[in-house]
Structures are given as structure tokens and as C-alpha cells.
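Visitor: Pasting a structure here, questions to come.
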Amino acid sequence: MLEIRELTRRFGENTAVDHVSFEVPSGLMTGFVGGNGAGKTTTMRMVMGVLGIDEGEVLWQGRPITRLDRRSFGYMPEERGLYPKQPILDQLVYIAQLKGMEGGAARTAVTELLERFGLGERTKDHLEKLSLGNQQRVQIIASVLPQPQALILDEPFSGLDPAAVDSMVDLLREYTRDDVPVLFSSHQLDLVERLCDRLVVLSQGRRVAAGSVTELRDAGVPRFRLVLGGDAGWVRDLRGLEVLDLDGTTALVEVREAGAEQQLITEATGRGDVHEFVRVRPALSEIYREATA
Ligand SMILES: Nc1ncnc2c1ncn2[C@@H]1O[C@H](COP(=O)(O)OP(=O)(O)OP(=O)(O)O)[C@@H](O)[C@H]1O
């Protein structure tokens with residue numbers, strides 16, 4: 001497990017990351033979200049040791065992380081940094097060798113990954129000849145070579161078409177199945193909701209929410225939708241509830257006093273037909289908007 005404890009980084013007067021703590025458990029996918037400038041990249045850079053830490057620490061397997069640990073991590077930085085004028089196979093094999101793979105094994109692993117990402121026919125092409133999305137695929141391959149102990153990926157999905165997103169998702173799932181902790185930042189909340197076991201939300205350098213998607217969706221004030229056979233206007237008169245929406249026979253209410261929902265359903269069944277009475281959990285996008293407001 002990777003643990004981020006009270007990490008803090010200042011740039012002059014600006015505290016870009018302010019005592020941020022969270023965990024990236026092994027075998028789980030953790031999504032890292034927050035608006036532009038929230039501090040995601042700065043946090044990831046501190047985790048990877050490419051940026052100094054002002055306060056706090058990073059722990060790997062329960063002890064302070066070392067340079068060697070970081071070398072065994074797969075890191076996809078925001079600044080992508082491969083050579084535009086070199087064939088993609090050659091530079092990926094070179095990177096794999098730099099990371100300690102033997103030549104033959106490196107070539108086999110790279111070829112396999114290139115084929116997997118639909119680039120099997122492009123191995124001799126210079127990076128700059130590929131579309132931006134395909135360049136992104138090459139960056140992803142560079143970051144997962146060789147077998148990483150943890151993955152720290154800064155916006156790995158940006159610029160990918162749906163097919164490449166699917167290849168990337170399959171690949172990341174294979175790593176989590178092998179118990180690798182994965183932390184990735186993204187602005188694509190639908191993707192984060194689909195993929196992530198856990199989520200960390202940053203706003204202006206601070207952690208404003210963290211937990212599993214289910215925990216976060218359950219954490220807020222409970223909301224219920226009630227659909228009746230007749231008019232639902234009487235719901236406004238009940239104590240302990242706030243009516244968020246009322247449309248003829250349908251009411252959406254928020255429970256302000258514990259137990260008010262029991263009173264609601266008792267009253268509703270006493271008055272006539274109840275077609276639906278369900279707890280409504282907010283979408284991730286709503287949680288995100290509220291947390292970062
Ligand atoms: N090298 C730097 N020098 C000065 N300020 C910096 C530096 N790097 C980051 N910052 C500032 O730190 C804050 C956090 O930036 P960061 O890039 O970590 O945010 P982010 O969440 O990754 O944003 P985005 O989603 O736009 O990539 C911003 O205010 C940014 O301007």
C-alpha cells in the first residue's frame with residue numbers, strides 16, 4: 001500500500017498542496033480528481049520524488065519510500081517526454097532496458113504491448129508521425145514497463161479514443177488483479193465512476209473527500225423519491241423534510257431530522273397508493289460539484 005501523509009508543497013505564497021493525506025491500497029484503483037490547479041500533479045510529483053516535499057511523507061509498504069522503490073513504480077508524468085524523431089519500438093525497448101530489462105525480454109514485452117494497443121504495424125514509425133491519441137498510447141506503454149510495483153498516472157486517459165480507453169482499462173485491471181496499487185488523475189468523472197474502487201477529491205490544494213464511490217454516495221444527507229397514486233402536495237407540510245422537487249404525484253425530499261422518512265411513508269400509505277419509495281443516491285458528478293464548490 002502507498003500512503004500519502006500530510007503532504008504539503010508551497011510555491012512562494014501559494015500552497016499548492018496543503019496537508020493532503022490518503023491511501024492507495026494494493027490491488028485497488030484510486031481515482032484522483034479535482035479542478036484545474038487543485039494540486040493533483042504536484043502531489044503525484046512529490047510521490048515520485050521529482051518535486052521536493054515541504055511537509056509530510058510518503059510511505060510504501062508501511063515505511064518511508066526510497067529512491068529504489070520509486071524506480072520500481074510506473075509513472076506517467078504530465079509532461080510526456082519521449083523522443084519525437086525516433087522509431088517507437090526502439091525507444092520503448094531502450095526505456096525498458098534502462099529500467100533493468102534484458103534486451104530480448106524487453107523487445108518481446110514492448111512488441112506485445114504495442115500490438116495490444118493497436119500499434120503493431122507502426123513499430124518503425126517515428127513518434128511524431130503518430131496522431132496525438134496514438135502518441136498517448138506509446139506514453140502509456142513506456143510508463144508500465146517493466147512490471148511496475150505501483151502505478152502513478154497523470155491523466156492517462158486524456159486524448160484517448162474509446163477503443164484505447166478500453167485497452168487501457170483492461171491493462172490497469174490486470175495490474176490491480178496482481179495487487180498493484182494504481183493512482184490516476186482524470187477530469188473524466190464518468191470514467192472514474194466506472195473504473196475506480198476509491199476516489200480522492202482535491203480542491204485548492206486540500207483533500208475535500210475520500211473513500212469508495214459507494215461510501216461517498218451514501219455519505220450525504222439521505223434523499224428519497226416518492227411516487228403516489230394521487231397528488232403529493234401534502235408532503236410540504238411534513239416536519240423534518242426538505243422538498244427538493246415536487247411534480248404532481250412525485251416528490252423528491254431530503255431528510256433533515258432522523259426518522260422523518262418513516263413518517264413520510266406511514267403518511268403516504270395511509271393516504272392511498274404508493275407506486276415508488278426509493279433512496280436516491282447522488283451521481284459522482286453531483287458529489288464532486290458539492291465537494292469542490
Ligand atoms: N513549478 C511550479 N511553480 C509555481 N507554481 C506551481 C508549479 N507547479 C504547480 N504550481 C501551482 O500549484 C497549483 C497546483 O497545480 P497542479 O498542476 O498540481 O494542479 P492540477 O490539479 O494537476 O491541475 P490540472 O488539472 O490543471 O493539471 C497551481 O496553482 C499551480 O499554478
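Simple scheme: letters A, B, ... for chains in C-alpha cells order, numbers from 1 for residues in each chain, numbers from 1 for ligands in the order shown.
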Pick out the residues sitting within 10 Å of Pro146 (chain A), and hand them over as a PyMOL selection string; count only C-alpha atoms, and ignore anything fewer than 5 positions along from it in its own chain.
Guide: chain A and resi 72-74+95-101+105-106+109-110+141
Visitor: Which of region 118-150 of chain A end up as helix (DSSP H, G or I) when DSSP is run on this backbone - answer as a compact mmCIF listing (two decimals) with N, CA and C atoms, in the first residue's frame?
Guide:
# COMPACT_ATOMS: atom_id res chain seq x y z
N GLY A 120 0.80 -2.42 -33.58
CA GLY A 120 1.69 -3.48 -34.07
C GLY A 120 2.28 -3.19 -35.44
N GLU A 121 1.53 -2.45 -36.27
CA GLU A 121 2.01 -2.14 -37.64
C GLU A 121 2.86 -0.88 -37.67
N ARG A 122 2.94 -0.18 -36.55
CA ARG A 122 3.60 1.14 -36.56
C ARG A 122 4.96 1.14 -35.86
N LEU A 127 7.76 8.67 -33.46
CA LEU A 127 6.65 9.07 -32.59
C LEU A 127 5.85 10.23 -33.20
N GLU A 128 6.57 11.21 -33.78
CA GLU A 128 5.90 12.43 -34.28
C GLU A 128 4.96 12.15 -35.45
N LYS A 129 5.10 10.96 -36.07
CA LYS A 129 4.22 10.64 -37.20
C LYS A 129 2.86 10.11 -36.71
N LEU A 132 -2.06 12.28 -32.00
CA LEU A 132 -1.85 12.57 -30.57
C LEU A 132 -2.32 11.42 -29.68
N GLY A 133 -3.48 10.85 -30.04
CA GLY A 133 -4.01 9.73 -29.24
C GLY A 133 -3.07 8.53 -29.28
N ASN A 134 -2.48 8.26 -30.47
CA ASN A 134 -1.55 7.13 -30.56
C ASN A 134 -0.24 7.43 -29.83
N GLN A 135 0.18 8.69 -29.84
CA GLN A 135 1.37 9.06 -29.06
C GLN A 135 1.12 8.80 -27.58
N GLN A 136 -0.12 9.08 -27.17
CA GLN A 136 -0.51 8.85 -25.78
C GLN A 136 -0.42 7.35 -25.44
N ARG A 137 -0.83 6.52 -26.41
CA ARG A 137 -0.75 5.07 -26.18
C ARG A 137 0.71 4.65 -25.95
N VAL A 138 1.62 5.26 -26.73
CA VAL A 138 3.04 4.92 -26.58
C VAL A 138 3.55 5.36 -25.20
N GLN A 139 3.07 6.53 -24.73
CA GLN A 139 3.45 7.01 -23.40
C GLN A 139 3.01 6.03 -22.31
N ILE A 140 1.81 5.51 -22.51
CA ILE A 140 1.28 4.57 -21.52
C ILE A 140 2.18 3.33 -21.46
N ILE A 141 2.55 2.83 -22.65
CA ILE A 141 3.41 1.64 -22.69
C ILE A 141 4.73 1.94 -21.96
N ALA A 142 5.29 3.14 -22.23
CA ALA A 142 6.56 3.50 -21.59
C ALA A 142 6.43 3.49 -20.07
N SER A 143 5.27 3.89 -19.57
CA SER A 143 5.15 4.00 -18.11
C SER A 143 4.91 2.66 -17.42
N VAL A 144 4.38 1.67 -18.14
CA VAL A 144 4.10 0.39 -17.46
C VAL A 144 5.25 -0.62 -17.60
Visitor: Could you make a table, as a Markdown table, of the residues of chain A that have an atom within 12 Å of an atom of ligand 1, each with its nearest atom pair and distance in Å to one decimal, counting only C-alpha atoms and all ligand atoms, in chain and number order?
Guide:
| residue | atom | partner | partner_atom_place_in_ligand_line | distance |
| --- | --- | --- | --- | --- |
| A:Thr8 | CA | ligand 1 | 12 (O) | 11.0 |
| A:Arg9 | CA | ligand 1 | 12 (O) | 8.3 |
| A:Arg10 | CA | ligand 1 | 12 (O) | 7.7 |
| A:Phe11 | CA | ligand 1 | 4 (C) | 5.0 |
| A:Gly12 | CA | ligand 1 | 4 (C) | 7.6 |
| A:Glu13 | CA | ligand 1 | 5 (N) | 9.5 |
| A:Asn14 | CA | ligand 1 | 29 (O) | 6.8 |
| A:Thr15 | CA | ligand 1 | 12 (O) | 7.2 |
| A:Ala16 | CA | ligand 1 | 12 (O) | 4.2 |
| A:Val17 | CA | ligand 1 | 14 (C) | 6.9 |
| A:Asp18 | CA | ligand 1 | 14 (C) | 10.3 |
| A:Phe32 | CA | ligand 1 | 21 (O) | 9.0 |
| A:Val33 | CA | ligand 1 | 21 (O) | 7.6 |
| A:Gly34 | CA | ligand 1 | 21 (O) | 5.9 |
| A:Gly35 | CA | ligand 1 | 25 (O) | 5.5 |
| A:Asn36 | CA | ligand 1 | 26 (O) | 3.2 |
| A:Gly37 | CA | ligand 1 | 19 (O) | 3.3 |
| A:Ala38 | CA | ligand 1 | 21 (O) | 3.7 |
| A:Gly39 | CA | ligand 1 | 18 (O) | 3.3 |
| A:Lys40 | CA | ligand 1 | 21 (O) | 3.8 |
| A:Thr41 | CA | ligand 1 | 22 (O) | 3.6 |
| A:Thr42 | CA | ligand 1 | 18 (O) | 3.7 |
| A:Thr43 | CA | ligand 1 | 18 (O) | 6.4 |
| A:Met44 | CA | ligand 1 | 18 (O) | 8.0 |
| A:Arg45 | CA | ligand 1 | 18 (O) | 8.3 |
| A:Met46 | CA | ligand 1 | 18 (O) | 9.9 |
| A:Val50 | CA | ligand 1 | 1 (N) | 10.9 |
| A:Leu51 | CA | ligand 1 | 1 (N) | 8.7 |
| A:Gly52 | CA | ligand 1 | 1 (N) | 10.7 |
| A:Pro77 | CA | ligand 1 | 22 (O) | 10.4 |
| A:Glu78 | CA | ligand 1 | 27 (O) | 7.6 |
| A:Glu79 | CA | ligand 1 | 27 (O) | 10.4 |
| A:Leu153 | CA | ligand 1 | 22 (O) | 11.4 |
| A:Asp154 | CA | ligand 1 | 22 (O) | 8.0 |
| A:Glu155 | CA | ligand 1 | 27 (O) | 8.1 |
| A:Pro156 | CA | ligand 1 | 27 (O) | 11.8 |
| A:Ser158 | CA | ligand 1 | 27 (O) | 11.0 |
| A:Phe184 | CA | ligand 1 | 22 (O) | 11.1 |
| A:Ser185 | CA | ligand 1 | 22 (O) | 8.1 |
| A:Ser186 | CA | ligand 1 | 25 (O) | 7.7 |
| A:His187 | CA | ligand 1 | 25 (O) | 7.2 |
| A:Gln188 | CA | ligand 1 | 25 (O) | 11.0 |
| A:Val200 | CA | ligand 1 | 21 (O) | 11.8 |
| A:Val201 | CA | ligand 1 | 21 (O) | 9.9 |
| A:Leu202 | CA | ligand 1 | 21 (O) | 7.5 |
| A:Ser203 | CA | ligand 1 | 21 (O) | 8.1 |
| A:Gln204 | CA | ligand 1 | 14 (C) | 7.6 |
| A:Gly205 | CA | ligand 1 | 14 (C) | 6.8 |
| A:Arg206 | CA | ligand 1 | 14 (C) | 10.5 |
| A:Arg207 | CA | ligand 1 | 21 (O) | 11.4 |
Visitor: With C-alpha atoms retained, could you export that selection as an mmCIF file, in the first residue's frame?
Guide:
data_model
loop_
_atom_site.group_PDB
_atom_site.id
_atom_site.type_symbol
_atom_site.label_atom_id
_atom_site.label_comp_id
_atom_site.auth_asym_id
_atom_site.auth_seq_id
_atom_site.Cartn_x
_atom_site.Cartn_y
_atom_site.Cartn_z
ATOM 1 C CA THR A 8 2.438 19.888 1.674
ATOM 2 C CA ARG A 9 4.104 21.915 -1.060
ATOM 3 C CA ARG A 10 4.340 25.677 -1.396
ATOM 4 C CA PHE A 11 5.372 27.796 -4.371
ATOM 5 C CA GLY A 12 6.102 31.193 -2.829
ATOM 6 C CA GLU A 13 2.857 32.399 -1.252
ATOM 7 C CA ASN A 14 0.816 29.705 -2.965
ATOM 8 C CA THR A 15 0.221 26.491 -1.004
ATOM 9 C CA ALA A 16 -0.366 24.161 -3.942
ATOM 10 C CA VAL A 17 -0.820 21.057 -1.754
ATOM 11 C CA ASP A 18 -1.945 21.589 1.816
ATOM 12 C CA PHE A 32 -7.627 11.382 -8.187
ATOM 13 C CA VAL A 33 -9.925 14.228 -9.181
ATOM 14 C CA GLY A 34 -10.137 17.992 -8.747
ATOM 15 C CA GLY A 35 -10.388 21.102 -10.898
ATOM 16 C CA ASN A 36 -7.528 22.744 -12.785
ATOM 17 C CA GLY A 37 -4.807 23.773 -10.374
ATOM 18 C CA ALA A 38 -6.223 21.702 -7.469
ATOM 19 C CA GLY A 39 -2.818 20.129 -6.799
ATOM 20 C CA LYS A 40 -3.038 16.647 -8.349
ATOM 21 C CA THR A 41 0.108 16.858 -10.481
ATOM 22 C CA THR A 42 2.079 18.456 -7.643
ATOM 23 C CA THR A 43 1.026 15.621 -5.295
ATOM 24 C CA MET A 44 1.991 12.953 -7.832
ATOM 25 C CA ARG A 45 5.338 14.626 -8.447
ATOM 26 C CA MET A 46 6.069 14.576 -4.712
ATOM 27 C CA VAL A 50 10.602 14.643 -8.856
ATOM 28 C CA LEU A 51 9.492 17.552 -6.668
ATOM 29 C CA GLY A 52 10.649 18.271 -3.126
ATOM 30 C CA PRO A 77 4.093 12.327 -15.853
ATOM 31 C CA GLU A 78 2.074 15.256 -17.123
ATOM 32 C CA GLU A 79 4.960 16.297 -19.366
ATOM 33 C CA LEU A 153 -0.561 8.033 -13.829
ATOM 34 C CA ASP A 154 -1.226 11.706 -14.509
ATOM 35 C CA GLU A 155 -4.263 11.933 -16.787
ATOM 36 C CA PRO A 156 -3.581 8.676 -18.639
ATOM 37 C CA SER A 158 -6.773 12.276 -21.868
ATOM 38 C CA PHE A 184 -4.602 8.016 -11.679
ATOM 39 C CA SER A 185 -5.816 11.550 -12.144
ATOM 40 C CA SER A 186 -8.612 12.395 -14.510
ATOM 41 C CA HIS A 187 -11.195 15.018 -15.351
ATOM 42 C CA GLN A 188 -13.491 12.364 -16.875
ATOM 43 C CA VAL A 200 -9.800 11.196 -3.660
ATOM 44 C CA VAL A 201 -11.124 14.692 -4.372
ATOM 45 C CA LEU A 202 -8.844 17.741 -4.111
ATOM 46 C CA SER A 203 -9.902 21.364 -4.119
ATOM 47 C CA GLN A 204 -7.466 24.263 -3.859
ATOM 48 C CA GLY A 205 -4.735 22.021 -2.512
ATOM 49 C CA ARG A 206 -6.890 20.367 0.151
ATOM 50 C CA ARG A 207 -8.428 16.928 0.305
#
Visitor: Would you pick out the contacts of Val47 (chain A) at 9 Å or less, using only C-alpha atoms, so that residues sharing its chain but fewer than 6 positions from it are not included, and give the list as a list of chain:residue names?
Guide: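 Residues meeting the cut-off are A:Ile4, A:Ile53, A:Glu57, A:Val58, A:Ile65, A:Arg70, A:Ile152.
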Visitor: Would you list the contacts of Leu189 (chain A) as an MDAnalysis selection string, taking every protein, DNA or RNA residue within 9 Å and counting only C-alpha atoms, but skipping same-chain residues closer than 2 positions in sequence?
Guide: chainID A and resid 33 186:187 191:194 284:285 288
Visitor: Using only C-alpha atoms, determine which residues lie at most 6 Å from region 81-90 of chain A, disregarding the query and same-chain residues fewer than 3 positions distant; provide the list as a PyMOL selection string.
Guide: chain A and resi 93+123-128
Visitor: Could you write out that same residue set with C-alpha atoms as an mmCIF file, in the first residue's frame?
Guide:
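File produced: selection_10.cif:
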data_model
loop_
_atom_site.group_PDB
_atom_site.id
_atom_site.type_symbol
_atom_site.label_atom_id
_atom_site.label_comp_id
_atom_site.auth_asym_id
_atom_site.auth_seq_id
_atom_site.Cartn_x
_atom_site.Cartn_y
_atom_site.Cartn_z
ATOM 1 C CA VAL A 93 12.972 -1.094 -25.824
ATOM 2 C CA THR A 123 6.655 -0.130 -34.678
ATOM 3 C CA LYS A 124 9.131 1.533 -37.058
ATOM 4 C CA ASP A 125 7.296 4.865 -37.202
ATOM 5 C CA HIS A 126 8.767 7.911 -35.530
ATOM 6 C CA LEU A 127 6.652 9.074 -32.589
ATOM 7 C CA GLU A 128 5.904 12.427 -34.278
#
Visitor: To one decimal in Å, tell me the separation between CA of Asp197 (chain A) and CA of Ala258 (chain A).
Guide: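 Spanning CA of Asp197 (chain A) to CA of Ala258 (chain A) is a straight-line distance of 29.4 Å.
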Visitor: What is the CA of Thr269 (chain A)-CA of Asp231 (chain A) distance in Å, reported with one decimal?
Guide: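 Spanning CA of Thr269 (chain A) to CA of Asp231 (chain A) is a straight-line distance of 13.0 Å.
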Visitor: Give me every strand (DSSP E or B) residue in region 39-157 of chain A, going by DSSP on the backbone, as a PyMOL selection string.
Guide: chain A and resi 55-60+63-64+74-76+87+126+151-153
Visitor: How many Å lie between CA of Arg173 (chain A) and CA of Glu6 (chain A), rounded to one decimal?
Guide: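 CA of Glu6 (chain A) lies 28.6 Å from CA of Arg173 (chain A).
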Visitor: From the set A:Arg5, A:Arg281, A:Arg271, A:Arg289, which residue has the shortest atom-to-atom contact distance to Thr214 (chain A), counting only C-alpha atoms?
Guide: A:Arg281
Visitor: Got a sec: who's within 10 Å of Gly233 (chain A), counting only C-alpha atoms, leaving out chain neighbours fewer than 5 positions off, as an NGL selection string?
Guide: :A and (243 or 246-251)
